[in-house]
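The structure appears right after this line, and notes come after that.
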Amino acid sequence: MFKCSSKSHFMRLDDLDSRSSSSPASSLAINKHGFKGLKSIGQSLKLGVTRAIFAEDLKVSEKKIFDPQDKFLLTWNKFFVVSCILAVSLDPLFFYLPVFDQSKTCLGMDQNLAIIATTIRTFVDSFYLIHMALQFRTAFVAPSSRVFGRGELVIDPTQIAKRYLKWYFIIDFLAIVPLPQIIIWKYLHGSRGADVVSTKQSLFFIVLLQYIPRFARIVPLTSELKRTAGVIVETTWAGAAYYLLLYMLASHIVGAFWYILSVERNDTCWQMACERSGHDVNLLYCGNNHVPGYNNWSSISNSVLTEACTPDEDDPPFDFGIFGQALSSGIVSSNKFVSKYLYCLWWGLQNLSTLSQGLQTSTYPGESIFSITLAISGLILFALLIGNMQTYLQSLTIRLEEMRVKRRDSEQWMRHRLLPQDLRERVRRYDQYKWLETRGVDEENLVLSLPKDLRRDIKRHLCLSLVKRVPLFEDMDERLLDAICERLKPCLYTDNTYIVREGDPVDEMLFIIRGRLESVTTDGGRTGFFNRSLLKEGDFCGEELLTWALDPKSGSNLPSSTRTVMALREVEAFALKADELKFVAGQFRRLHSRQVQHTFRFYSQQWRTWAACFIQAAWRRYCRRKMLRRKEEEEETEVDGGGGGDGDGDGGSRSLGVTFLVSKFATNAVRGVHRNRNRDGDRERNLNMGRELVNLPKPPEPDFSADAD
């Protein structure tokens, strides 16, 4: 036998299985009866274990026990809160049942309204029964396990039932007892005039007392809903409408109480007048035609009651106080329920909003208590309404208010530091552009606060399609794209903003998503050299950092920029910081592909500039050589033509011919010397021009090989 411990132990189903698997009989019980076997084993071994499991283990349990955070229960709790509010709003309808019949001068009951109110209340109370049944099958978190996380769930039906019977069962039972339905059923089947007084008074006190458990059940239910679901309503406008609905519900209840108390005060006045005339007070209620003296009373009742209970005179014989308005308007004798209800609702809303400041009360104690309660309730409810609605409505404009405060602080700081007007305009333009793009939400911190896996999926959803638009990344596999998307940071630039200047350290590589940029280089400020290009969607800048990141021998010093990049209009881009690019560049080596190298050369501005200069130098050398060959051909043609003309001599004298040939040879020799000098000079100038064009150094080649490290 095992000794029972004094404390409860909480464990998973797997742990309980392992502890009970030491006995063949216990394992047989588990295989045969499943979870029931665990119960029998725990009882037989007397381990003292309160069966508590985690929420994920509850799904595999054979017990029909609900998780308190199950979607079905969360939806049901929201629906049940609505049904509770509806039940609280239906109960005041019983106060509208008493109505004065002016034709018969008696007080009766509106039977049609009684049937409707009873039927609707019975239907709404059926949801209470379903909720009570669910409470016996809903697990709860063990108090001793609330150390970290959600804790462990107690799934023992006995423990669940004990907990519910100890706390909320009595409240739910008192709230659902159908006493008003029983009273109405008794009146409708009795249909005697004497029952009007007892029915009116019973309904008043029963509904008033049942309001306590009904309201008491709404408060913990909404608190539990906030704790499990986080919020009652999802949107801001729904939250404001929710509290406005509660305020209108309070006005509806106050109006119903005002109506029933007005009927009670008028009934009191009628009873006093009837007693002074010496008649039985039972004659005042409809259905008492069998009472002795009814014929005599019916002939004088109108004059007696009108003389004693008229609220319209300046000095009435009976002081109705705040209830005189109900009698003067005639709502207590009207069978038009809609008109009666709306008038009472308006009266309740008006006096709750004004804290009953315009009420002229009498000395009747009940009226004074009602007025005091009305004033205090109006003050509390109005403060709650204004406070909660202000909170919900301010959440709509909180970002705008933050933006206005930030802009005001920025303006004060710029005015205090005496910044020039152009800098102020640039600051304002950047703030406005950032607000339009992000609406004041710090996206980076918002994403960083999420779990790593969720953060990776969000980054992939936001950046993957944009990253694939960059030619350098479009042919990479999914794993590399995920690594790149996870490390990209969004950047915004306004027009005429310098991203990087020539000679400054490059601390990030920028991939353009939208906008236009200008990239300019002077080759370190060399005289006469200028290269300009435009960057658009899909281009990138800061490629010097990629070469630095791919170099395994690179130190901590960042490379210098060879170009000046400026935004021509608003630019949206993704940036890879130097340390993040180190990781991504390490992944490049694993590609073993020449295509990435060719793509990098094609879209790199450094390589484009160098290639353009190289092509220009080669073209000019070709043009110069072509011009030199053309001149040589022209000169040879001229020399050959001139030699042919001089060779046609007379032939008469041999000495004269020799002299002419010597003169011609000397002339050609002098021309050849001059021609060689000109050719050497042109060749030297051609070489110097070629050197100037090719003087732009060849960009360093990124090492994409896998053996670089």
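Here, A, B, ... name the chains of the structure tokens in the order displayed, residue numbers run from 1 inside each chain, and ligands are numbered from 1 in the same displayed order.
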DSSP-assigned strand (DSSP E or B) among segment 386-492 of chain A, expressed as a ChimeraX atom specification: /A:489-492
Sel. of alpha helix (DSSP H) residues, segment 85-129 of chain A, as a ChimeraX atom specification: /A:85-90,111-129
Writer output for current selection, N, CA and C atoms, as a PDB file, in the first residue's frame:
ATOM      1  N   ILE A  85     -28.058  40.204 -20.339  1.00  0.00           N
ATOM      2  CA  ILE A  85     -28.485  41.603 -20.508  1.00  0.00           C
ATOM      3  C   ILE A  85     -29.916  41.661 -21.007  1.00  0.00           C
ATOM      4  N   LEU A  86     -30.262  40.749 -21.912  1.00  0.00           N
ATOM      5  CA  LEU A  86     -31.643  40.700 -22.404  1.00  0.00           C
ATOM      6  C   LEU A  86     -32.610  40.317 -21.294  1.00  0.00           C
ATOM      7  N   ALA A  87     -32.205  39.393 -20.419  1.00  0.00           N
ATOM      8  CA  ALA A  87     -33.069  38.990 -19.310  1.00  0.00           C
ATOM      9  C   ALA A  87     -33.293  40.135 -18.338  1.00  0.00           C
ATOM     10  N   VAL A  88     -32.233  40.895 -18.065  1.00  0.00           N
ATOM     11  CA  VAL A  88     -32.360  42.041 -17.164  1.00  0.00           C
ATOM     12  C   VAL A  88     -33.261  43.108 -17.779  1.00  0.00           C
ATOM     13  N   SER A  89     -33.217  43.236 -19.098  1.00  0.00           N
ATOM     14  CA  SER A  89     -34.074  44.241 -19.751  1.00  0.00           C
ATOM     15  C   SER A  89     -35.517  43.765 -19.886  1.00  0.00           C
ATOM     16  N   LEU A  90     -35.760  42.458 -19.804  1.00  0.00           N
ATOM     17  CA  LEU A  90     -37.128  41.942 -19.912  1.00  0.00           C
ATOM     18  C   LEU A  90     -37.888  42.017 -18.588  1.00  0.00           C
ATOM     19  N   GLN A 111     -53.338  41.814 -19.796  1.00  0.00           N
ATOM     20  CA  GLN A 111     -53.154  40.377 -19.948  1.00  0.00           C
ATOM     21  C   GLN A 111     -52.334  40.027 -21.187  1.00  0.00           C
ATOM     22  N   ASN A 112     -52.485  40.752 -22.270  1.00  0.00           N
ATOM     23  CA  ASN A 112     -51.686  40.469 -23.470  1.00  0.00           C
ATOM     24  C   ASN A 112     -50.191  40.675 -23.206  1.00  0.00           C
ATOM     25  N   LEU A 113     -49.876  41.794 -22.540  1.00  0.00           N
ATOM     26  CA  LEU A 113     -48.468  42.046 -22.208  1.00  0.00           C
ATOM     27  C   LEU A 113     -47.956  41.006 -21.220  1.00  0.00           C
ATOM     28  N   ALA A 114     -48.817  40.559 -20.313  1.00  0.00           N
ATOM     29  CA  ALA A 114     -48.399  39.547 -19.344  1.00  0.00           C
ATOM     30  C   ALA A 114     -48.034  38.235 -20.045  1.00  0.00           C
ATOM     31  N   ILE A 115     -48.811  37.838 -21.028  1.00  0.00           N
ATOM     32  CA  ILE A 115     -48.515  36.595 -21.756  1.00  0.00           C
ATOM     33  C   ILE A 115     -47.203  36.722 -22.539  1.00  0.00           C
ATOM     34  N   ILE A 116     -47.012  37.874 -23.197  1.00  0.00           N
ATOM     35  CA  ILE A 116     -45.790  38.077 -23.990  1.00  0.00           C
ATOM     36  C   ILE A 116     -44.554  38.098 -23.093  1.00  0.00           C
ATOM     37  N   ALA A 117     -44.615  38.845 -21.992  1.00  0.00           N
ATOM     38  CA  ALA A 117     -43.465  38.944 -21.092  1.00  0.00           C
ATOM     39  C   ALA A 117     -43.130  37.597 -20.466  1.00  0.00           C
ATOM     40  N   THR A 118     -44.155  36.849 -20.087  1.00  0.00           N
ATOM     41  CA  THR A 118     -43.910  35.533 -19.482  1.00  0.00           C
ATOM     42  C   THR A 118     -43.273  34.573 -20.477  1.00  0.00           C
ATOM     43  N   THR A 119     -43.755  34.576 -21.709  1.00  0.00           N
ATOM     44  CA  THR A 119     -43.203  33.670 -22.728  1.00  0.00           C
ATOM     45  C   THR A 119     -41.753  33.998 -23.044  1.00  0.00           C
ATOM     46  N   ILE A 120     -41.453  35.286 -23.228  1.00  0.00           N
ATOM     47  CA  ILE A 120     -40.071  35.679 -23.571  1.00  0.00           C
ATOM     48  C   ILE A 120     -39.129  35.383 -22.420  1.00  0.00           C
ATOM     49  N   ARG A 121     -39.566  35.644 -21.178  1.00  0.00           N
ATOM     50  CA  ARG A 121     -38.690  35.374 -20.036  1.00  0.00           C
ATOM     51  C   ARG A 121     -38.410  33.874 -19.900  1.00  0.00           C
ATOM     52  N   THR A 122     -39.413  33.052 -20.135  1.00  0.00           N
ATOM     53  CA  THR A 122     -39.189  31.606 -20.069  1.00  0.00           C
ATOM     54  C   THR A 122     -38.191  31.149 -21.128  1.00  0.00           C
ATOM     55  N   PHE A 123     -38.290  31.720 -22.314  1.00  0.00           N
ATOM     56  CA  PHE A 123     -37.352  31.364 -23.378  1.00  0.00           C
ATOM     57  C   PHE A 123     -35.923  31.803 -23.038  1.00  0.00           C
ATOM     58  N   VAL A 124     -35.788  33.000 -22.501  1.00  0.00           N
ATOM     59  CA  VAL A 124     -34.448  33.498 -22.157  1.00  0.00           C
ATOM     60  C   VAL A 124     -33.868  32.712 -20.989  1.00  0.00           C
ATOM     61  N   ASP A 125     -34.720  32.329 -20.044  1.00  0.00           N
ATOM     62  CA  ASP A 125     -34.214  31.564 -18.895  1.00  0.00           C
ATOM     63  C   ASP A 125     -33.728  30.178 -19.290  1.00  0.00           C
ATOM     64  N   SER A 126     -34.156  29.694 -20.449  1.00  0.00           N
ATOM     65  CA  SER A 126     -33.665  28.394 -20.890  1.00  0.00           C
ATOM     66  C   SER A 126     -32.163  28.432 -21.163  1.00  0.00           C
ATOM     67  N   PHE A 127     -31.639  29.606 -21.542  1.00  0.00           N
ATOM     68  CA  PHE A 127     -30.191  29.731 -21.729  1.00  0.00           C
ATOM     69  C   PHE A 127     -29.460  29.618 -20.393  1.00  0.00           C
ATOM     70  N   TYR A 128     -30.099  30.056 -19.325  1.00  0.00           N
ATOM     71  CA  TYR A 128     -29.511  29.868 -18.000  1.00  0.00           C
ATOM     72  C   TYR A 128     -29.358  28.382 -17.686  1.00  0.00           C
ATOM     73  N   LEU A 129     -30.382  27.605 -18.047  1.00  0.00           N
ATOM     74  CA  LEU A 129     -30.307  26.164 -17.785  1.00  0.00           C
ATOM     75  C   LEU A 129     -29.166  25.516 -18.564  1.00  0.00           C
TER      76      LEU A 129
END
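The residue that comes closest to Leu352 of chain A, out of A:Thr562, A:Asn289, A:Ser251, A:Ser299 and on the basis of only C-alpha atoms, is A:Ser251.
Among A:Gly239, A:Gly542, A:Pro178, A:Pro490, the residue with the shortest atom-to-atom distance to Met389 of chain A, counting only C-alpha atoms, is A:Gly239.
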Spatial neighbours of Val447 of chain A, 9 Å, only C-alpha atoms, chain gap at least 5 places, as a list of chain:residue names: A:Asp442, A:Leu454, A:Arg455, A:Ile458, A:Lys459
Save the residues we just selected, C-alpha atoms, as a PDB file, in the first residue's frame?
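Generated file (out16.pdb):
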ATOM      1  CA  ASP A 442       6.280  51.204 -34.866  1.00  0.00           C
ATOM      2  CA  LEU A 454       5.459  33.924 -35.993  1.00  0.00           C
ATOM      3  CA  ARG A 455       7.876  36.764 -36.707  1.00  0.00           C
ATOM      4  CA  ILE A 458       4.988  37.637 -40.934  1.00  0.00           C
ATOM      5  CA  LYS A 459       8.273  38.806 -42.461  1.00  0.00           C
TER       6      LYS A 459
END
All residues 8 Å or closer to Ile183 of chain A, only C-alpha atoms, same chain fewer than 3 positions away omitted, as a ChimeraX atom specification: /A:179-180,186-187,199,202-203
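Between atom CA of Phe169 of chain A and atom CA of Ile155 of chain A there is a distance of 18.4 Å.
Proximity of A:His279, A:Gly108, A:Leu305, A:Asn77 to Gly293 of chain A, computed with only C-alpha atoms, is greatest for A:His279.
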Residue with smallest distance to Arg214 of chain A - pool A:Asp453, A:Asp195, A:Asp91, A:Asp267, counting only C-alpha atoms: A:Asp91
Residue contacts of Leu581 of chain A (8 Å, only C-alpha atoms) excluding same-chain residues fewer than 6 positions away, as a ChimeraX atom specification: /A:509,546,549
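Among the candidates A:Met248, A:Trp270, A:Val82, A:Ile176, the residue lying nearest to Thr222 of chain A is A:Val82 (atoms considered: only C-alpha atoms).
In terms of minimum interatomic distance to Ser560 of chain A, A:Val500 ranks closest within A:Leu488, A:Ile160, A:Val500, A:Leu535, counting only C-alpha atoms.
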Segment 401-413 of chain A surroundings by only C-alpha atoms, 10 Å radius, close-in-sequence under 3 positions cut, as a ChimeraX atom specification: /A:394-398,416-419,424,427-428,431-432,435,439-440
Spatial neighbours of Ile65 of chain A, max dist 10 Å, only C-alpha atoms, sep filter under 6 positions, as a PyMOL selection string: chain A and resi 58-59+134-139+154-157+160
Create the file for the chosen residues now, containing N, CA, C and O atoms and written as a PDB file, in the first residue's frame.
ATOM      1  N   LEU A  58      -6.284  17.643 -22.733  1.00  0.00           N
ATOM      2  CA  LEU A  58      -7.728  17.505 -22.554  1.00  0.00           C
ATOM      3  C   LEU A  58      -8.414  17.029 -23.826  1.00  0.00           C
ATOM      4  O   LEU A  58      -9.455  16.383 -23.777  1.00  0.00           O
ATOM      5  N   LYS A  59      -7.809  17.309 -24.987  1.00  0.00           N
ATOM      6  CA  LYS A  59      -8.430  16.932 -26.250  1.00  0.00           C
ATOM      7  C   LYS A  59      -8.424  15.420 -26.468  1.00  0.00           C
ATOM      8  O   LYS A  59      -9.280  14.884 -27.163  1.00  0.00           O
ATOM      9  N   LEU A 134     -23.509  23.413 -18.604  1.00  0.00           N
ATOM     10  CA  LEU A 134     -22.124  23.504 -19.076  1.00  0.00           C
ATOM     11  C   LEU A 134     -21.148  23.728 -17.932  1.00  0.00           C
ATOM     12  O   LEU A 134     -19.985  23.304 -18.013  1.00  0.00           O
ATOM     13  N   GLN A 135     -21.588  24.396 -16.877  1.00  0.00           N
ATOM     14  CA  GLN A 135     -20.694  24.649 -15.755  1.00  0.00           C
ATOM     15  C   GLN A 135     -20.268  23.352 -15.067  1.00  0.00           C
ATOM     16  O   GLN A 135     -19.171  23.285 -14.500  1.00  0.00           O
ATOM     17  N   PHE A 136     -21.112  22.341 -15.107  1.00  0.00           N
ATOM     18  CA  PHE A 136     -20.750  21.056 -14.513  1.00  0.00           C
ATOM     19  C   PHE A 136     -19.761  20.273 -15.377  1.00  0.00           C
ATOM     20  O   PHE A 136     -19.224  19.273 -14.913  1.00  0.00           O
ATOM     21  N   ARG A 137     -19.536  20.710 -16.627  1.00  0.00           N
ATOM     22  CA  ARG A 137     -18.623  19.998 -17.523  1.00  0.00           C
ATOM     23  C   ARG A 137     -17.481  20.888 -17.990  1.00  0.00           C
ATOM     24  O   ARG A 137     -16.823  20.567 -18.980  1.00  0.00           O
ATOM     25  N   THR A 138     -17.232  21.966 -17.298  1.00  0.00           N
ATOM     26  CA  THR A 138     -16.150  22.881 -17.683  1.00  0.00           C
ATOM     27  C   THR A 138     -15.022  22.782 -16.673  1.00  0.00           C
ATOM     28  O   THR A 138     -15.228  22.987 -15.471  1.00  0.00           O
ATOM     29  N   ALA A 139     -13.831  22.460 -17.167  1.00  0.00           N
ATOM     30  CA  ALA A 139     -12.666  22.351 -16.288  1.00  0.00           C
ATOM     31  C   ALA A 139     -12.259  23.727 -15.780  1.00  0.00           C
ATOM     32  O   ALA A 139     -12.617  24.766 -16.359  1.00  0.00           O
ATOM     33  N   VAL A 154      -8.175  21.106 -13.913  1.00  0.00           N
ATOM     34  CA  VAL A 154      -8.789  20.042 -13.115  1.00  0.00           C
ATOM     35  C   VAL A 154      -9.971  19.501 -13.902  1.00  0.00           C
ATOM     36  O   VAL A 154     -10.916  20.235 -14.219  1.00  0.00           O
ATOM     37  N   ILE A 155      -9.942  18.194 -14.204  1.00  0.00           N
ATOM     38  CA  ILE A 155     -10.980  17.587 -15.047  1.00  0.00           C
ATOM     39  C   ILE A 155     -11.836  16.595 -14.276  1.00  0.00           C
ATOM     40  O   ILE A 155     -12.670  15.918 -14.879  1.00  0.00           O
ATOM     41  N   ASP A 156     -11.666  16.525 -12.980  1.00  0.00           N
ATOM     42  CA  ASP A 156     -12.476  15.617 -12.171  1.00  0.00           C
ATOM     43  C   ASP A 156     -13.888  16.181 -12.068  1.00  0.00           C
ATOM     44  O   ASP A 156     -14.084  17.280 -11.542  1.00  0.00           O
ATOM     45  N   PRO A 157     -14.910  15.474 -12.565  1.00  0.00           N
ATOM     46  CA  PRO A 157     -16.278  16.011 -12.495  1.00  0.00           C
ATOM     47  C   PRO A 157     -16.733  16.299 -11.074  1.00  0.00           C
ATOM     48  O   PRO A 157     -17.490  17.247 -10.847  1.00  0.00           O
ATOM     49  N   ILE A 160     -15.159  19.599 -10.109  1.00  0.00           N
ATOM     50  CA  ILE A 160     -15.817  20.684 -10.851  1.00  0.00           C
ATOM     51  C   ILE A 160     -17.188  20.986 -10.260  1.00  0.00           C
ATOM     52  O   ILE A 160     -17.569  22.156 -10.073  1.00  0.00           O
TER      53      ILE A 160
END
Atom pair atom CA of Thr522 of chain A / atom CA of Trp607 of chain A: separation (Å): 14.6 Å
